[in-house]
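File shown: my_file.txt (compact mmCIF, C-alpha atoms).
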# COMPACT_ATOMS: atom_id res chain seq x y z
CA MET A 26 0.00 0.00 0.00
CA ARG A 27 2.99 2.29 0.52
CA THR A 28 3.71 2.21 -3.22
CA ILE A 29 0.12 3.20 -3.96
CA ASP A 30 0.23 5.99 -1.39
CA GLU A 31 3.43 7.44 -2.77
CA ALA A 32 2.36 7.18 -6.41
CA PHE A 33 -1.06 8.79 -5.97
CA GLN A 34 -0.04 11.05 -3.06
CA LEU A 35 -3.11 10.17 -1.03
CA SER A 36 -1.89 10.28 2.59
CA ILE A 37 -3.63 6.99 3.34
CA ARG A 38 -4.89 6.58 6.88
CA TYR A 39 -6.36 3.08 6.58
CA THR A 40 -8.14 0.78 4.11
CA ASP A 41 -11.11 -1.60 4.06
CA LYS A 42 -11.02 -4.67 1.85
CA LEU A 43 -14.30 -4.89 -0.09
CA THR A 44 -13.39 -7.87 -2.31
CA ASN A 45 -10.21 -9.74 -3.13
CA ARG A 46 -9.37 -7.06 -5.71
CA VAL A 47 -11.09 -3.94 -4.39
CA ASP A 48 -10.23 -1.78 -1.35
CA ARG A 49 -11.77 1.42 -0.01
CA ILE A 50 -9.10 3.95 0.96
CA TYR A 51 -9.58 6.47 3.76
CA THR A 52 -7.14 9.41 3.78
CA ARG A 53 -5.92 11.63 6.59
CA ASP A 54 -7.94 14.54 5.20
CA GLU A 55 -11.11 12.42 5.45
CA LYS A 56 -11.51 11.65 1.76
CA GLN A 57 -12.38 8.24 0.32
CA PHE A 58 -11.11 6.49 -2.80
CA ILE A 59 -11.56 3.08 -4.40
CA LEU A 60 -8.48 1.01 -5.25
CA LYS A 61 -8.86 -1.76 -7.84
CA LYS A 62 -6.41 -4.46 -8.81
CA LYS A 63 -6.28 -5.12 -12.55
CA SER A 64 -4.92 -8.07 -14.48
CA ASP A 65 -4.35 -6.32 -17.80
CA ARG A 66 -2.52 -2.99 -18.07
CA GLU A 67 -3.75 -2.19 -21.58
CA ARG A 68 -7.34 -2.92 -20.67
CA ALA A 69 -7.07 -0.78 -17.53
CA GLN A 70 -5.70 2.11 -19.58
CA LEU A 71 -8.56 1.83 -22.09
CA GLU A 72 -11.12 1.84 -19.30
CA ALA A 73 -9.58 4.88 -17.58
CA GLN A 74 -9.61 6.89 -20.80
CA LEU A 75 -13.20 5.85 -21.53
CA LEU A 76 -14.35 6.88 -18.06
CA GLN A 77 -12.89 10.34 -18.54
CA ASP A 78 -14.81 10.75 -21.79
CA LEU A 79 -18.02 9.54 -20.16
CA ILE A 80 -17.58 12.05 -17.34
CA GLN A 81 -17.36 14.75 -20.00
CA LYS A 82 -20.77 13.47 -21.15
CA ASN A 83 -22.11 14.03 -17.61
CA GLN A 84 -22.29 10.33 -16.82
CA PRO A 85 -22.07 9.39 -13.09
CA VAL A 86 -19.18 6.95 -13.52
CA PRO A 87 -16.08 6.68 -11.29
CA SER A 88 -13.30 9.12 -12.15
CA PRO A 89 -9.82 7.55 -12.21
CA ILE A 90 -7.17 9.75 -10.67
CA LYS A 91 -3.64 10.22 -11.95
CA THR A 92 -0.35 9.52 -10.25
CA LYS A 93 2.29 12.16 -9.67
CA SER A 94 3.80 10.85 -12.94
CA ASN A 95 0.55 11.76 -14.75
CA GLU A 96 -0.48 8.14 -15.32
CA TYR A 97 -3.58 6.19 -14.32
CA ILE A 98 -1.88 2.91 -13.48
CA VAL A 99 0.68 1.78 -10.92
CA GLN A 100 2.43 -1.56 -11.21
CA THR A 101 3.58 -3.43 -8.13
CA HIS A 102 4.35 -7.12 -7.61
CA GLN A 103 3.32 -7.98 -11.18
CA SER A 104 -0.14 -6.48 -10.64
CA TYR A 105 -1.68 -3.23 -11.84
CA TYR A 106 -3.68 -0.81 -9.74
CA VAL A 107 -6.04 2.06 -10.50
CA VAL A 108 -7.48 4.50 -7.96
CA TYR A 109 -10.92 6.04 -8.46
CA GLU A 110 -12.70 8.86 -6.72
CA HIS A 111 -15.35 7.52 -4.38
CA LEU A 112 -18.95 7.95 -5.60
CA GLN A 113 -21.62 8.87 -3.09
CA GLY A 114 -24.47 6.41 -2.83
CA LYS A 115 -25.52 2.94 -1.79
CA HIS A 116 -26.63 -0.22 -3.54
CA VAL A 117 -30.37 -0.56 -3.95
CA ALA A 118 -32.15 -3.39 -2.16
CA ILE A 119 -34.05 -5.86 -4.32
CA ASP A 120 -37.31 -5.08 -2.47
CA GLN A 121 -36.94 -1.40 -3.36
CA LEU A 122 -36.42 -2.31 -7.00
CA LEU A 123 -39.55 -4.47 -7.04
CA GLU A 124 -41.78 -2.13 -5.02
CA HIS A 125 -45.18 -1.33 -6.47
CA THR A 126 -44.31 2.25 -7.47
CA HIS A 127 -41.28 0.95 -9.42
CA ASN A 128 -39.58 4.34 -9.21
CA VAL A 129 -36.19 2.65 -8.73
CA SER A 130 -36.50 0.45 -11.82
CA SER A 131 -37.63 3.47 -13.86
CA GLN A 132 -34.65 5.53 -12.75
CA ILE A 133 -32.23 2.72 -13.54
CA GLY A 134 -33.81 2.20 -16.96
CA SER A 135 -33.39 5.88 -17.78
CA SER A 136 -29.83 6.00 -16.41
CA LEU A 137 -28.70 2.91 -18.32
CA ALA A 138 -30.22 4.31 -21.52
CA LYS A 139 -28.35 7.60 -21.03
CA LEU A 140 -25.13 5.69 -20.41
CA ASP A 141 -25.60 3.64 -23.59
CA ASN A 142 -26.29 6.86 -25.50
CA ALA A 143 -23.06 8.33 -24.17
CA LEU A 144 -21.13 5.16 -25.00
CA LEU A 145 -22.42 5.39 -28.57
CA GLU A 146 -21.33 9.02 -28.80
CA VAL A 147 -17.75 8.25 -27.73
CA SER A 148 -17.44 4.96 -29.64
CA ASP A 149 -15.44 6.54 -32.46
CA ARG A 150 -12.77 7.57 -29.95
CA HIS A 151 -12.48 4.09 -28.45
CA THR A 152 -12.02 1.47 -31.13
CA SER A 153 -9.63 -0.83 -29.25
CA PHE A 154 -12.23 -2.52 -27.05
CA LYS A 155 -13.10 -6.12 -27.83
CA LYS A 156 -15.72 -6.60 -30.53
CA ARG A 157 -18.17 -9.43 -29.98
CA GLN A 158 -21.47 -10.48 -31.52
CA VAL A 159 -23.88 -12.30 -29.27
CA LEU A 160 -25.04 -14.67 -32.04
CA THR A 161 -21.49 -15.63 -33.08
CA SER A 162 -20.44 -16.13 -29.45
CA LEU A 163 -23.45 -18.35 -28.83
CA TYR A 164 -23.13 -20.72 -31.77
CA SER A 165 -19.35 -20.63 -32.33
CA ASN A 166 -18.26 -20.80 -28.69
CA ILE A 167 -20.97 -21.50 -26.10
CA VAL A 168 -22.95 -24.25 -27.85
CA PRO A 169 -19.84 -26.18 -29.04
CA PHE A 170 -18.40 -25.97 -25.51
CA MET A 171 -21.60 -27.29 -23.98
CA GLN A 172 -21.72 -30.11 -26.54
CA LYS A 173 -18.10 -31.08 -25.96
CA GLU A 174 -18.42 -31.05 -22.16
CA GLU A 175 -21.93 -32.57 -22.26
CA ILE A 176 -23.41 -29.67 -20.30
CA ALA A 177 -27.20 -29.17 -20.31
CA LEU A 178 -27.62 -30.99 -23.60
CA ASP A 179 -31.38 -30.39 -23.45
CA VAL A 180 -30.65 -26.66 -23.62
CA VAL A 181 -28.25 -27.27 -26.51
CA HIS A 182 -31.04 -29.12 -28.31
CA LEU A 183 -33.43 -26.20 -27.84
CA LEU A 184 -30.81 -23.70 -28.99
CA THR A 185 -30.27 -25.79 -32.12
CA GLU A 186 -34.00 -25.77 -32.81
CA LEU A 187 -34.05 -21.99 -32.27
CA SER A 188 -31.04 -21.28 -34.48
CA GLU A 189 -33.11 -19.91 -37.35
CA GLY A 190 -35.02 -17.49 -35.13
CA MET A 191 -31.79 -16.51 -33.38
CA GLN A 192 -30.56 -15.05 -36.67
CA CYS A 193 -32.49 -11.89 -35.75
CA LEU A 194 -29.61 -11.10 -33.37
CA GLU A 195 -27.15 -10.79 -36.24
CA HIS A 196 -28.36 -7.44 -37.57
CA LEU A 197 -29.07 -5.59 -34.33
CA PRO A 198 -27.42 -2.19 -33.66
CA THR A 199 -23.97 -2.59 -32.09
CA GLN A 200 -21.93 -0.15 -30.06
CA LEU A 201 -19.86 0.04 -26.88
CA ILE A 202 -21.96 -1.29 -24.00
CA HIS A 203 -21.48 -1.59 -20.24
CA ARG A 204 -21.76 -5.38 -20.62
CA ASP A 205 -22.23 -5.97 -16.88
CA PRO A 206 -25.08 -3.69 -15.71
CA HIS A 207 -26.03 -5.79 -12.70
CA TYR A 208 -28.54 -4.00 -10.53
CA LEU A 209 -25.91 -3.75 -7.77
CA HIS A 210 -23.76 -1.65 -10.11
CA PHE A 211 -26.17 1.28 -9.73
CA LEU A 212 -25.74 3.52 -6.68
CA PHE A 213 -28.52 5.64 -5.19
CA ASP A 214 -28.21 8.79 -3.10
CA ASP A 215 -31.21 10.83 -1.97
CA HIS A 216 -33.51 8.58 -4.04
CA GLN A 217 -31.61 9.30 -7.28
CA VAL A 218 -29.08 7.31 -9.29
CA SER A 219 -25.75 8.74 -8.14
CA GLY A 220 -23.33 6.32 -9.74
CA ILE A 221 -22.85 3.55 -12.29
CA ILE A 222 -19.85 1.41 -11.45
CA ASP A 223 -17.79 -1.58 -12.61
CA LEU A 224 -17.23 -0.81 -16.30
CA GLU A 225 -14.32 -3.25 -16.58
CA LEU A 226 -16.16 -5.44 -19.11
CA VAL A 227 -17.08 -2.73 -21.65
CA GLU A 228 -17.07 -4.16 -25.16
CA GLU A 229 -18.63 -3.57 -28.55
CA ASN A 230 -21.71 -5.75 -28.91
CA VAL A 231 -25.45 -5.54 -29.58
CA ARG A 232 -26.92 -2.64 -27.63
CA VAL A 233 -29.96 -4.57 -26.35
CA LEU A 234 -27.65 -6.86 -24.36
CA ASP A 235 -27.32 -4.18 -21.65
CA PRO A 236 -30.98 -3.84 -20.62
CA CYS A 237 -31.54 -7.58 -20.99
CA TYR A 238 -28.56 -8.34 -18.76
CA PHE A 239 -29.89 -5.97 -16.11
CA ALA A 240 -33.27 -7.73 -16.17
CA THR A 241 -31.70 -11.19 -15.83
CA SER A 242 -29.56 -9.99 -12.90
CA VAL A 243 -32.78 -9.08 -11.08
CA LEU A 244 -34.49 -12.32 -12.11
CA SER A 245 -31.57 -14.32 -10.75
CA ASP A 246 -31.96 -12.79 -7.30
CA VAL A 247 -35.72 -13.36 -7.11
CA PHE A 248 -35.96 -16.69 -8.91
CA SER A 249 -36.24 -18.84 -5.79
CA ASN A 250 -39.24 -16.86 -4.52
CA PRO A 251 -42.49 -17.31 -6.49
CA ASP A 252 -43.98 -14.11 -5.03
CA ASP A 253 -40.97 -12.07 -6.14
CA ILE A 254 -41.06 -13.60 -9.61
CA GLU A 255 -44.60 -12.24 -9.91
CA ARG A 256 -43.25 -8.80 -9.05
CA TRP A 257 -40.38 -9.09 -11.55
CA PHE A 258 -42.44 -8.59 -14.68
CA PRO A 259 -44.20 -5.30 -13.77
CA ALA A 260 -40.93 -3.85 -12.43
CA MET A 261 -39.07 -4.82 -15.61
CA LYS A 262 -41.87 -3.47 -17.78
CA VAL A 263 -41.36 -0.08 -16.11
CA PHE A 264 -37.58 -0.45 -16.55
CA PHE A 265 -37.81 -1.24 -20.27
CA ARG A 266 -40.30 1.56 -20.89
CA ALA A 267 -38.03 4.06 -19.15
CA TYR A 268 -35.05 2.86 -21.20
CA HIS A 269 -37.10 3.03 -24.39
CA GLN A 270 -38.31 6.56 -23.65
CA GLU A 271 -34.71 7.76 -23.29
CA ASN A 272 -33.08 5.57 -25.94
CA PRO A 273 -35.74 3.99 -28.21
CA PHE A 274 -35.52 0.34 -29.18
CA THR A 275 -35.74 -0.47 -32.86
CA ILE A 276 -38.45 -2.86 -34.06
CA GLN A 277 -35.70 -5.46 -34.63
CA GLU A 278 -34.49 -5.08 -31.04
CA ARG A 279 -38.01 -5.50 -29.68
CA LYS A 280 -38.40 -8.74 -31.62
CA ALA A 281 -35.00 -9.95 -30.39
CA LEU A 282 -35.60 -9.47 -26.65
CA TRP A 283 -36.64 -13.05 -25.96
CA TYR A 284 -33.74 -14.47 -27.95
CA THR A 285 -31.31 -12.16 -26.14
CA PHE A 286 -32.58 -13.33 -22.74
CA LEU A 287 -32.08 -16.96 -23.77
CA SER A 288 -28.59 -16.21 -25.06
CA ILE A 289 -27.60 -14.64 -21.75
CA GLU A 290 -28.79 -17.67 -19.79
CA ALA A 291 -26.97 -20.05 -22.13
CA VAL A 292 -23.76 -18.11 -21.46
CA MET A 293 -24.40 -18.33 -17.71
CA ILE A 294 -25.00 -22.09 -17.91
CA ALA A 295 -21.64 -22.51 -19.61
CA PHE A 296 -19.88 -20.06 -17.28
CA PHE A 297 -21.11 -21.86 -14.16
CA SER A 298 -20.60 -25.36 -15.55
CA HIS A 299 -18.09 -26.00 -12.74
CA ASP A 300 -20.71 -25.17 -10.12
CA GLN A 301 -23.61 -27.62 -10.33
CA GLU A 302 -26.01 -25.63 -8.17
CA ARG A 303 -25.54 -22.32 -9.99
CA MET A 304 -25.55 -24.05 -13.36
CA GLU A 305 -28.87 -25.73 -12.61
CA LYS A 306 -30.34 -22.44 -11.44
CA ASN A 307 -29.48 -20.78 -14.75
CA ARG A 308 -30.77 -23.81 -16.63
CA ALA A 309 -34.09 -23.40 -14.78
CA MET A 310 -34.10 -19.69 -15.61
CA PHE A 311 -33.48 -20.51 -19.27
CA TYR A 312 -36.57 -22.73 -19.32
CA TRP A 313 -38.66 -20.19 -17.43
CA LEU A 314 -37.79 -17.51 -19.98
CA TYR A 315 -38.31 -20.00 -22.82
CA GLU A 316 -41.79 -20.84 -21.58
CA ASN A 317 -42.75 -17.19 -21.02
CA LYS A 318 -42.07 -15.80 -24.49
CA GLN A 319 -45.38 -13.94 -24.65
CA MET A 320 -44.66 -12.17 -21.38
CA ILE A 321 -41.20 -11.15 -22.53
CA ASP A 322 -42.62 -9.83 -25.80
CA GLU A 323 -45.05 -7.71 -23.81
CA LEU A 324 -42.23 -5.91 -21.98
CA ILE A 325 -42.23 -3.23 -24.67
CA HIS A 326 -45.62 -3.61 -26.34
CA LEU A 327 -44.87 -6.28 -28.92
CA ARG A 328 -48.35 -7.69 -28.37
For the structure just supplied, provide its representation as structure tokens.
Amino acid sequence: MRTIDEAFQLSIRYTDKLTNRVDRIYTRDEKQFILKKKSDRERAQLEAQLLQDLIQKNQPVPSPIKTKSNEYIVQTHQSYYVVYEHLQGKHVAIDQLLEHTHNVSSQIGSSLAKLDNALLEVSDRHTSFKKRQVLTSLYSNIVPFMQKEEIALDVVHLLTELSEGMQCLEHLPTQLIHRDPHYLHFLFDDHQVSGIIDLELVEENVRVLDPCYFATSVLSDVFSNPDDIERWFPAMKVFFRAYHQENPFTIQERKALWYTFLSIEAVMIAFFSHDQERMEKNRAMFYWLYENKQMIDELIHLR
């Protein structure tokens, strides 16, 4: 920590470990910062530069601070570290997100839409991020992996049957996206979105992946409770409407929602293939979404 202190000139008083790669720093002048350990220097540099551009677009994302050498990154013990200014706000509780007024889900929908708009506006300045296409990833990587490892072969069978319909994903609008807009990555202060965090996975992909990923992150947390599942749909309908009002979905994106949800769950099944319990949960979520196509279509007035 001494190397970090000297490089960023923070006058560190003490730190709290939040995760195995994230610490909160408290300074002697009563300021707070977030320290993150990175595995890839080039990726960390790209993210820091992107965040600065997003701040110029009035987006509530963490601001990386520079060292006394005018750099964003410090290397120590073969690891890379970036320090961010601390954003005011707290994570939203799932009950607040699902409450009957749905003000929280509406605010998040609007905030995510504004972020995606800003990411589109700065895309031309940031062409070095990974470029992926959800359809290609699904049928060139995920499905072959599941076949080879004999993972959820019933899901593989369904994905094979759906391959023609899945082609609608190929021509969707692409841009830089957050890629990991879990509901816990939105901070609230005084009942307003005060921060959007954890942009380490930004990539170029289909735009609709962002709102769909948010919705599945909520579904995952409520899936074991039938009462909460009933509350999921109206809350997500408000979320999608708020997103659409700020950043309208194309007709093609509306038609692709259900397929995008299924693609996300297929990725999760493969990702958690080493963890039987979590894999089976995502397999069950895949089937729930598969069986509720009409409901998903109704999220933004397809029917």
Between CA of Glu255 in chain A and CA of Asp235 in chain A, distance in Å (one decimal):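 Result for CA of Glu255 in chain A versus CA of Asp235 in chain A: 22.4 Å, one decimal.
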Could you give me, as a ChimeraX atom specification, the residues that have an atom at most 8 Å away from the point (-24.1, -29.0, -14.1) in the coordinates of the file, using only C-alpha atoms? /A:176-177,294,297-305
At a cut-off of 9 Å, can you tabulate as JSON lines every residue of range 96-189 of chain A near range 274-285 of chain A together with its closest atom pair and the distance in Å to one decimal, using only C-alpha atoms and ordering rows by chain then number?
{"residue": "A:Val159", "atom": "CA", "partner": "A:Thr285", "partner_atom": "CA", "distance": 8.1}
{"residue": "A:Leu160", "atom": "CA", "partner": "A:Thr285", "partner_atom": "CA", "distance": 9.0}
{"residue": "A:Leu187", "atom": "CA", "partner": "A:Tyr284", "partner_atom": "CA", "distance": 8.7}
Which one of A:Val168, A:Ile59, A:Leu184, A:Leu140 sits closest to Pro236 in chain A if you count all atoms listed in the file? A:Leu140
Of the candidates A:Asn307, A:Thr92, A:Gln132, A:Ser288, which shows the shortest atom-to-atom distance to Phe213 in chain A, using all atoms listed in the file?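 Looking only at the distances to Phe213 in chain A, the closest residue turns out to be A:Gln132.
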Between A:Leu145, A:Val263, A:Ala69, A:Leu137, single out the one closest to Tyr208 in chain A, counting all atoms listed in the file.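 Closest candidate: A:Leu137.
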For CA of Asn45 in chain A and CA of Leu71 in chain A, quote the distance in Å rounded to one decimal.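 Going from CA of Asn45 in chain A over to CA of Leu71 in chain A covers 22.3 Å.
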Using only C-alpha atoms for the distances, tell me which of A:Val218, A:Leu201, A:Ile98, A:Leu224 is nearest to Lys156 in chain A.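 Going through A:Val218, A:Leu201, A:Ile98, A:Leu224 one by one, the smallest distance to Lys156 in chain A is for A:Leu201.
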Could you make a table, as JSON lines, of the residues of range 26-98 of chain A that have an atom within 12 Å of an atom of range 104-128 of chain A, each with its nearest atom pair and distance in Å to one decimal, counting only C-alpha atoms, in chain and number order?
{"residue": "A:Met26", "atom": "CA", "partner": "A:Tyr106", "partner_atom": "CA", "distance": 10.4}
{"residue": "A:Thr28", "atom": "CA", "partner": "A:Tyr106", "partner_atom": "CA", "distance": 10.3}
{"residue": "A:Ile29", "atom": "CA", "partner": "A:Tyr106", "partner_atom": "CA", "distance": 8.0}
{"residue": "A:Asp30", "atom": "CA", "partner": "A:Val108", "partner_atom": "CA", "distance": 10.2}
{"residue": "A:Ala32", "atom": "CA", "partner": "A:Val108", "partner_atom": "CA", "distance": 10.3}
{"residue": "A:Phe33", "atom": "CA", "partner": "A:Val108", "partner_atom": "CA", "distance": 8.0}
{"residue": "A:Gln34", "atom": "CA", "partner": "A:Val108", "partner_atom": "CA", "distance": 11.1}
{"residue": "A:Leu35", "atom": "CA", "partner": "A:Val108", "partner_atom": "CA", "distance": 10.0}
{"residue": "A:Arg46", "atom": "CA", "partner": "A:Tyr106", "partner_atom": "CA", "distance": 9.4}
{"residue": "A:Val47", "atom": "CA", "partner": "A:Tyr106", "partner_atom": "CA", "distance": 9.7}
{"residue": "A:Asp48", "atom": "CA", "partner": "A:Val108", "partner_atom": "CA", "distance": 9.5}
{"residue": "A:Arg49", "atom": "CA", "partner": "A:His111", "partner_atom": "CA", "distance": 8.3}
{"residue": "A:Ile50", "atom": "CA", "partner": "A:His111", "partner_atom": "CA", "distance": 9.0}
{"residue": "A:Tyr51", "atom": "CA", "partner": "A:His111", "partner_atom": "CA", "distance": 10.0}
{"residue": "A:Thr52", "atom": "CA", "partner": "A:His111", "partner_atom": "CA", "distance": 11.7}
{"residue": "A:Glu55", "atom": "CA", "partner": "A:His111", "partner_atom": "CA", "distance": 11.8}
{"residue": "A:Lys56", "atom": "CA", "partner": "A:His111", "partner_atom": "CA", "distance": 8.3}
{"residue": "A:Gln57", "atom": "CA", "partner": "A:His111", "partner_atom": "CA", "distance": 5.6}
{"residue": "A:Phe58", "atom": "CA", "partner": "A:His111", "partner_atom": "CA", "distance": 4.6}
{"residue": "A:Ile59", "atom": "CA", "partner": "A:Tyr109", "partner_atom": "CA", "distance": 5.1}
{"residue": "A:Leu60", "atom": "CA", "partner": "A:Val108", "partner_atom": "CA", "distance": 4.5}
{"residue": "A:Lys61", "atom": "CA", "partner": "A:Val107", "partner_atom": "CA", "distance": 5.4}
{"residue": "A:Lys62", "atom": "CA", "partner": "A:Tyr106", "partner_atom": "CA", "distance": 4.7}
{"residue": "A:Lys63", "atom": "CA", "partner": "A:Tyr105", "partner_atom": "CA", "distance": 5.0}
{"residue": "A:Ser64", "atom": "CA", "partner": "A:Ser104", "partner_atom": "CA", "distance": 6.3}
{"residue": "A:Asp65", "atom": "CA", "partner": "A:Tyr105", "partner_atom": "CA", "distance": 7.2}
{"residue": "A:Arg66", "atom": "CA", "partner": "A:Tyr105", "partner_atom": "CA", "distance": 6.3}
{"residue": "A:Glu67", "atom": "CA", "partner": "A:Tyr105", "partner_atom": "CA", "distance": 10.0}
{"residue": "A:Arg68", "atom": "CA", "partner": "A:Tyr105", "partner_atom": "CA", "distance": 10.5}
{"residue": "A:Ala69", "atom": "CA", "partner": "A:Val107", "partner_atom": "CA", "distance": 7.7}
{"residue": "A:Gln70", "atom": "CA", "partner": "A:Val107", "partner_atom": "CA", "distance": 9.1}
{"residue": "A:Leu71", "atom": "CA", "partner": "A:Val107", "partner_atom": "CA", "distance": 11.9}
{"residue": "A:Glu72", "atom": "CA", "partner": "A:Val107", "partner_atom": "CA", "distance": 10.2}
{"residue": "A:Ala73", "atom": "CA", "partner": "A:Val107", "partner_atom": "CA", "distance": 8.4}
{"residue": "A:Gln74", "atom": "CA", "partner": "A:Val107", "partner_atom": "CA", "distance": 11.9}
{"residue": "A:Leu76", "atom": "CA", "partner": "A:Tyr109", "partner_atom": "CA", "distance": 10.2}
{"residue": "A:Gln77", "atom": "CA", "partner": "A:Tyr109", "partner_atom": "CA", "distance": 11.1}
{"residue": "A:Gln84", "atom": "CA", "partner": "A:Leu112", "partner_atom": "CA", "distance": 11.9}
{"residue": "A:Pro85", "atom": "CA", "partner": "A:Leu112", "partner_atom": "CA", "distance": 8.2}
{"residue": "A:Val86", "atom": "CA", "partner": "A:Leu112", "partner_atom": "CA", "distance": 8.0}
{"residue": "A:Pro87", "atom": "CA", "partner": "A:Tyr109", "partner_atom": "CA", "distance": 5.9}
{"residue": "A:Ser88", "atom": "CA", "partner": "A:Tyr109", "partner_atom": "CA", "distance": 5.4}
{"residue": "A:Pro89", "atom": "CA", "partner": "A:Tyr109", "partner_atom": "CA", "distance": 4.2}
{"residue": "A:Ile90", "atom": "CA", "partner": "A:Tyr109", "partner_atom": "CA", "distance": 5.7}
{"residue": "A:Lys91", "atom": "CA", "partner": "A:Val108", "partner_atom": "CA", "distance": 8.0}
{"residue": "A:Thr92", "atom": "CA", "partner": "A:Val108", "partner_atom": "CA", "distance": 9.0}
{"residue": "A:Glu96", "atom": "CA", "partner": "A:Val107", "partner_atom": "CA", "distance": 9.5}
{"residue": "A:Tyr97", "atom": "CA", "partner": "A:Val107", "partner_atom": "CA", "distance": 6.1}
{"residue": "A:Ile98", "atom": "CA", "partner": "A:Val107", "partner_atom": "CA", "distance": 5.2}
